[in-house]
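S.K.: Handing over work.cif, mmCIF, C-alpha atoms.
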```
data_model
loop_
_atom_site.label_atom_id
_atom_site.label_comp_id
_atom_site.auth_asym_id
_atom_site.auth_seq_id
_atom_site.Cartn_x
_atom_site.Cartn_y
_atom_site.Cartn_z
CA MET A 252 102.48 108.41 76.82
CA ILE A 253 101.02 107.03 80.05
CA GLY A 254 97.68 105.24 80.31
CA ARG A 255 95.41 103.19 82.55
CA PHE A 256 93.91 99.97 81.26
CA LYS A 257 91.85 96.96 82.23
CA TYR A 258 92.84 93.44 81.28
CA ASP A 259 90.43 90.75 82.50
CA ASN A 260 89.80 92.01 86.05
CA GLU A 261 93.17 93.68 86.55
CA VAL A 262 93.71 97.44 86.32
CA LEU A 263 97.09 98.32 84.82
CA GLU A 264 99.16 101.45 84.34
CA GLY A 265 101.70 101.47 81.56
CA LEU A 266 103.68 103.25 78.87
CA VAL A 267 102.09 103.37 75.44
CA ARG A 268 104.50 102.63 72.60
CA GLU A 269 102.62 102.70 69.30
CA GLU A 270 100.29 99.65 69.46
CA ARG A 271 101.79 98.14 72.61
CA VAL A 272 101.58 98.87 76.33
CA ILE A 273 104.54 98.21 78.64
CA VAL A 274 103.66 97.55 82.28
CA GLN A 275 106.42 97.65 84.89
CA ARG A 276 106.27 94.63 87.28
CA GLY A 277 109.14 95.42 89.62
CA LEU A 278 112.12 93.55 88.24
CA TYR A 279 110.47 92.74 84.91
CA CYS A 280 107.96 94.16 82.41
CA ASP A 281 104.86 92.77 80.76
CA THR A 282 103.96 93.84 77.25
CA PHE A 283 100.35 93.92 76.02
CA VAL A 284 98.82 94.62 72.64
CA LEU A 285 96.83 97.82 72.99
CA ALA A 286 93.83 96.35 71.17
CA GLU A 287 93.53 93.66 73.87
CA LEU A 288 93.03 96.24 76.63
CA GLU A 289 90.10 98.37 77.76
CA ILE A 290 91.28 101.98 77.92
CA LEU A 291 90.34 103.60 81.23
CA PRO A 292 90.43 107.28 82.20
CA PRO A 293 94.14 108.11 82.65
CA THR A 294 93.76 108.97 86.36
CA ILE A 295 91.14 108.89 89.11
CA PRO A 296 90.90 112.60 89.96
CA SER A 297 89.71 113.86 93.32
CA LYS A 298 88.29 116.84 91.41
CA ILE A 299 88.03 118.30 87.93
CA ILE A 300 88.54 122.07 87.76
CA CYS A 301 87.21 123.68 84.58
CA VAL A 302 87.84 127.16 83.22
CA GLY A 303 85.08 129.10 81.47
CA LEU A 304 85.47 131.66 78.67
CA ASN A 305 89.22 131.18 78.28
CA TYR A 306 89.70 131.48 74.50
CA MET A 307 90.05 134.90 72.92
CA ASP A 308 88.22 133.82 69.75
CA HIS A 309 85.41 132.26 71.81
CA ALA A 310 84.93 135.51 73.77
CA ARG A 311 84.72 137.41 70.47
CA GLU A 312 82.24 134.86 69.11
CA LEU A 313 79.97 135.48 72.12
CA ASP A 314 80.64 139.25 72.11
CA MET A 315 81.65 139.04 75.77
CA ALA A 316 84.23 141.02 77.72
CA ILE A 317 87.61 139.38 78.34
CA PRO A 318 87.64 138.16 81.98
CA LYS A 319 90.18 139.76 84.31
CA LYS A 320 90.57 136.56 86.32
CA PRO A 321 89.96 132.92 85.40
CA LEU A 322 86.33 131.84 85.78
CA ILE A 323 86.43 128.39 87.37
CA PHE A 324 83.89 125.70 88.25
CA LEU A 325 84.01 122.04 89.27
CA LYS A 326 82.86 118.75 87.85
CA PRO A 327 82.53 115.73 90.16
CA PRO A 328 84.72 112.64 89.77
CA SER A 329 81.54 110.64 89.07
CA SER A 330 81.25 112.43 85.70
CA VAL A 331 84.51 110.92 84.37
CA ILE A 332 84.62 108.42 81.51
CA GLY A 333 87.49 107.41 79.28
CA HIS A 334 88.24 107.05 75.58
CA LEU A 335 85.47 105.11 73.77
CA GLY A 336 83.17 105.46 76.78
CA LYS A 337 79.53 106.37 76.18
CA ILE A 338 78.18 109.85 76.91
CA VAL A 339 74.66 109.36 78.27
CA TYR A 340 72.13 111.97 77.13
CA PRO A 341 70.00 112.61 80.26
CA GLY A 342 66.24 112.46 79.93
CA MET A 343 65.78 115.79 81.70
CA ALA A 344 67.95 117.66 79.17
CA LYS A 345 66.77 119.08 75.84
CA ARG A 346 70.17 120.16 74.55
CA VAL A 347 73.60 118.63 75.24
CA ASP A 348 76.75 120.29 73.85
CA TYR A 349 80.38 119.27 73.26
CA GLU A 350 83.28 121.48 74.40
CA ALA A 351 86.81 120.46 73.36
CA GLU A 352 89.51 121.35 75.88
CA LEU A 353 93.19 120.86 76.64
CA ALA A 354 93.49 119.19 80.05
CA ILE A 355 96.35 119.54 82.52
CA VAL A 356 96.93 116.50 84.74
CA ILE A 357 98.49 117.28 88.11
CA GLY A 358 101.43 115.09 89.15
CA LYS A 359 101.75 115.75 92.87
CA ARG A 360 99.99 117.33 95.83
CA CYS A 361 100.57 121.07 95.75
CA LYS A 362 99.34 124.44 97.03
CA ASN A 363 100.25 128.06 96.24
CA VAL A 364 102.38 127.20 93.21
CA PRO A 365 103.91 130.29 91.54
CA SER A 366 103.54 130.35 87.76
CA ARG A 367 107.31 130.03 87.29
CA ASP A 368 107.19 126.63 89.05
CA ALA A 369 104.02 125.31 87.40
CA SER A 370 105.86 122.76 85.26
CA SER A 371 107.14 121.03 88.41
CA VAL A 372 103.64 119.91 89.43
CA ILE A 373 102.37 118.79 86.01
CA MET A 374 102.21 115.09 85.18
CA GLY A 375 101.23 115.83 81.59
CA TYR A 376 98.43 116.77 79.23
CA THR A 377 95.48 115.08 77.58
CA CYS A 378 92.19 115.74 75.76
CA PHE A 379 88.97 116.68 77.57
CA ASN A 380 85.34 117.14 76.56
CA ASP A 381 83.37 119.42 78.90
CA VAL A 382 79.95 117.99 78.02
CA THR A 383 77.18 120.41 79.06
CA ALA A 384 73.38 120.33 79.25
CA ARG A 385 73.02 123.80 77.77
CA ASP A 386 69.30 124.27 78.40
CA ILE A 387 69.76 123.36 82.07
CA GLN A 388 72.71 125.73 82.37
CA LYS A 389 70.51 128.58 81.12
CA GLU A 390 67.58 127.51 83.28
CA ASP A 391 69.57 127.29 86.51
CA GLY A 392 71.70 130.39 86.06
CA GLN A 393 74.66 128.50 87.51
CA TRP A 394 76.50 125.53 86.14
CA THR A 395 76.66 122.66 88.61
CA ARG A 396 73.70 120.56 87.46
CA ALA A 397 74.35 121.18 83.75
CA LYS A 398 77.99 120.07 83.99
CA SER A 399 77.77 117.24 86.51
CA PHE A 400 75.77 114.40 84.99
CA ASP A 401 77.46 111.01 84.98
CA THR A 402 79.58 110.61 81.79
CA PHE A 403 79.86 114.40 81.23
CA ALA A 404 83.68 114.48 81.67
CA PRO A 405 85.28 112.28 79.02
CA TYR A 406 89.05 112.58 79.03
CA GLY A 407 92.06 110.77 77.62
CA PRO A 408 93.00 108.60 75.91
CA PHE A 409 96.51 108.92 77.38
CA ILE A 410 98.68 111.46 79.19
CA ILE A 411 101.48 112.98 77.14
CA ASP A 412 104.66 113.96 78.99
CA SER A 413 104.76 117.39 80.66
CA GLY A 414 107.69 118.38 78.41
CA LEU A 415 105.32 119.00 75.50
CA ASP A 416 105.05 122.68 74.57
CA VAL A 417 101.27 123.29 74.65
CA SER A 418 101.41 127.03 73.93
CA ASP A 419 100.36 126.73 70.27
CA LEU A 420 98.66 123.44 69.42
CA CYS A 421 95.76 122.82 67.05
CA ILE A 422 92.56 121.82 68.90
CA ARG A 423 89.57 120.43 67.00
CA THR A 424 86.21 118.79 67.55
CA ARG A 425 84.59 116.52 65.00
CA VAL A 426 81.02 115.24 65.20
CA ASN A 427 80.32 112.30 62.89
CA GLY A 428 83.51 113.18 61.03
CA LYS A 429 82.66 116.86 60.43
CA VAL A 430 84.87 119.55 61.98
CA ARG A 431 82.88 121.72 64.41
CA GLN A 432 85.64 123.43 66.42
CA ASP A 433 89.02 124.43 65.02
CA SER A 434 91.37 126.73 66.94
CA ARG A 435 94.79 126.87 68.58
CA THR A 436 95.85 126.91 72.20
CA SER A 437 97.70 130.15 71.48
CA ASN A 438 94.24 131.75 71.76
CA LEU A 439 94.03 130.91 75.47
CA ILE A 440 93.46 134.02 77.58
CA PHE A 441 95.04 132.47 80.69
CA GLY A 442 97.81 129.98 79.94
CA VAL A 443 98.84 126.89 81.84
CA PRO A 444 101.24 128.56 84.34
CA GLU A 445 98.73 131.30 85.24
CA LEU A 446 95.92 128.77 85.71
CA ILE A 447 97.99 126.60 88.05
CA GLU A 448 99.06 129.61 90.10
CA PHE A 449 95.49 130.92 90.35
CA ILE A 450 93.77 127.60 91.11
CA SER A 451 96.40 126.37 93.57
CA SER A 452 96.05 129.64 95.51
CA ILE A 453 92.43 128.63 96.15
CA MET A 454 92.54 124.88 96.67
CA THR A 455 95.06 122.12 97.24
CA LEU A 456 95.63 120.11 94.09
CA GLU A 457 96.13 116.36 94.38
CA ALA A 458 98.02 113.98 92.12
CA GLY A 459 95.69 112.93 89.30
CA ASP A 460 93.49 116.05 89.47
CA VAL A 461 92.47 117.53 86.13
CA ILE A 462 92.34 121.17 85.04
CA ALA A 463 90.31 121.65 81.84
CA THR A 464 91.54 124.89 80.32
CA GLY A 465 88.48 126.11 78.40
CA THR A 466 86.94 125.65 74.97
CA PRO A 467 87.39 127.49 71.66
CA PRO A 468 84.56 128.80 69.44
CA GLY A 469 82.19 126.48 67.62
CA VAL A 470 80.50 124.83 70.60
CA GLY A 471 77.43 122.94 69.40
CA GLU A 472 74.82 120.29 69.95
CA LEU A 473 75.09 116.53 70.29
CA SER A 474 72.38 113.95 69.71
CA ALA A 475 72.01 110.29 70.64
CA GLY A 476 73.81 108.24 68.00
CA ASP A 477 76.53 110.84 67.39
CA GLU A 478 80.25 110.12 67.60
CA VAL A 479 82.31 113.03 68.93
CA GLU A 480 86.09 113.36 68.69
CA VAL A 481 88.36 115.85 70.45
CA GLU A 482 91.78 116.04 68.79
CA ILE A 483 94.75 118.02 70.07
CA GLU A 484 97.93 118.20 68.06
CA GLY A 485 100.73 116.14 69.58
CA ILE A 486 98.44 114.61 72.21
CA GLY A 487 95.90 112.41 70.46
CA ILE A 488 92.21 111.83 69.79
CA LEU A 489 89.52 111.32 72.43
CA LYS A 490 86.54 109.54 70.89
CA ASN A 491 83.14 108.96 72.51
CA SER A 492 79.68 107.98 71.32
CA VAL A 493 76.39 109.45 72.58
CA VAL A 494 73.51 107.27 73.78
CA SER A 495 70.17 108.12 75.35
CA ASP A 496 69.51 107.25 78.97
CA LYS A 497 66.71 104.97 77.71
CA GLN A 498 69.28 102.84 75.89
CA ILE A 499 71.30 102.50 79.08
CA LYS A 500 68.23 101.55 81.13
CA GLN A 501 67.40 98.82 78.64
#
```
As structure tokens, how would this structure be written, given the file I've shared?

M.R.:
Amino acid sequence: MIGRFKYDNEVLEGLVREERVIVQRGLYCDTFVLAELEILPPTIPSKIICVGLNYMDHARELDMAIPKKPLIFLKPPSSVIGHLGKIVYPGMAKRVDYEAELAIVIGKRCKNVPSRDASSVIMGYTCFNDVTARDIQKEDGQWTRAKSFDTFAPYGPFIIDSGLDVSDLCIRTRVNGKVRQDSRTSNLIFGVPELIEFISSIMTLEAGDVIATGTPPGVGELSAGDEVEVEIEGIGILKNSVVSDKQIKQ
């Protein structure tokens, strides 16, 4: 697994081996204890592309037609936080929801990638939480404001190698230890290769960009004081706490 970290004032990239992080320093390596490091978002994406209504069981839950093409939208890089970062509940929102998602991390600049070659542009996979101000989404009728608040794109903790078979993994959300979402990536309507082909036909993807592949059924509400975990089999657990904007201002 690959991660980004902060140690004192230095930002590091390294390989995660159980409770240690190995950082390549040219001709030698430094080894750190994971607990000594601040875990940062795994990359600094130029953009985060999200896919809406992309789980078969979620579409059934909402009694909605299966989309014929992926429904995509963007989150800004300013919304990114990492593992253990705080999700800030904005004062203008009355309802904020979690949405657990499998994230694809792009490994190199690419455009017009056919689905058969998708694996060649993937750095790896990680966990993503598409935090959403649901009342604002309904009020606006489009999704930009509801999805774009600072801290509304937690992802991490680390990137697992692109060789992982993500076609049938368990994906869960827990809030304060209680399971709220529980599905499998085999329920994806559009899989990883199709998403990369479709999205790269529209926009150039840069190394470090993130594609969040959609959320399963069971989306629900968060409150200040909650702890939310997104767990994906074989990848890890992304954990974040929720605080009110008043707490941050203090």

S.K.: Fewer than 6 positions away in the same chain doesn't count, so skip those; otherwise give me all residues within 7 Å of region 451-457 of chain A, counting all atoms listed in the file, as a list in words.

M.R.: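 Neighbouring residues, sequence-local ones excluded: Ser297, Ile357, Lys359, Arg360, Cys361, Lys362, Asn363 and Val364 of chain A.
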
S.K.: Please provide as number ranges by chain all residues within 12 Å of region 259-266 of chain A, with the sequence filter that same-chain residues fewer than 3 positions apart are discarded (counting only C-alpha atoms).

M.R.: A: 252-256, 269-276, 280-285, 287-295, 409-412

S.K.: Can you write out as CSV which residues of region 279-334 of chain A fall within 10 Å of region 445-450 of chain A, alongside each residue's closest atom pair and its distance in Å to one decimal, counting all atoms listed in the file and ordering rows by chain and ascending residue number?

M.R.:
```
residue,atom,partner,partner_atom,distance
A:Ile300,CA,A:Ile450,CA,8.3
A:Val302,CA,A:Leu446,CA,8.6
A:Lys320,CA,A:Phe449,CA,8.5
A:Pro321,CA,A:Leu446,CA,7.3
A:Ile323,CA,A:Ile450,CA,8.3
```

S.K.: Can you work out which one of A:Ile440, A:Ile488, A:Met374, A:Ala404 has the shortest atom-to-atom distance to Gly303 (chain A), counting all atoms listed in the file?

M.R.: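 Comparing A:Ile440, A:Ile488, A:Met374, A:Ala404 against Gly303 (chain A), the winner is A:Ile440.
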
S.K.: To one decimal place in Å, what is the distance between CA of Ile387 (chain A) and CA of Gly342 (chain A)?

M.R.: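 Here the two named atoms are 11.7 Å from each other.
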
S.K.: Report as a tab-separated table: every residue of region 388-426 of chain A with an atom at most 9 Å from region 337-341 of chain A, its closest pair of atoms, and their distance in Å to one decimal, counting all atoms listed in the file, with rows sorted by chain and ascending residue number.

M.R.:
```
residue	atom	partner	partner_atom	distance
A:Phe400	CA	A:Pro341	CA	7.7
A:Asp401	CA	A:Val339	CA	7.5
A:Thr402	CA	A:Ile338	CA	5.1
A:Phe403	CA	A:Ile338	CA	6.5
A:Ala404	CA	A:Ile338	CA	8.6
A:Pro405	CA	A:Ile338	CA	7.8
```

S.K.: Which residues are close to Tyr349 (chain A), i.e. within 7 Å by only C-alpha atoms, leaving aside same-chain residues fewer than 5 positions away? Reply as a ChimeraX atom specification.

M.R.: /A:380-383,470-473

S.K.: Could you tell me how far CA of Ala458 (chain A) sits from CA of Gly358 (chain A), in Å to one decimal place?

M.R.: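 Value for the CA of Gly358 (chain A)-CA of Ala458 (chain A) distance: 4.7 Å.
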
S.K.: Could you list, as a list in words, every residue within 8 Å of Ile355 (chain A), counting only C-alpha atoms and ignoring same-chain residues fewer than 6 positions away?

M.R.: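 So, after excluding close chain neighbours, the residues are Ile373, Met374, Gly375, Tyr376, Thr377, Val443, Val461, Ile462, Ala463 and Thr464 of chain A.
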
S.K.: The PyMOL selection byres ((chain A and resi 299) around 7) on the file shown: which residues, as a list in words?

M.R.: Pro296, Lys298, Ile300, Cys301, Leu325, Lys326, Pro327, Pro328, Asp460, Val461 and Ile462 of chain A

S.K.: Rank nothing, just name the residue among A:Thr395, A:Ser437, A:Gln498, A:Gln432 nearest to Glu482 (chain A), using all atoms listed in the file.

M.R.: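 Of A:Thr395, A:Ser437, A:Gln498, A:Gln432, the one nearest Glu482 (chain A) is A:Gln432, counting all atoms listed in the file.
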
S.K.: Name the residues, using the chain letters and numbers of the file, that sit within 7 Å of (85.4, 126.9, 72.8) when counting only C-alpha atoms, and give them as a list in words.

M.R.: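 Checked against the point, the hits come out as Tyr306, His309, Glu350, Ala351, Gly465, Thr466, Pro467, Pro468, Gly469 and Val470 of chain A.
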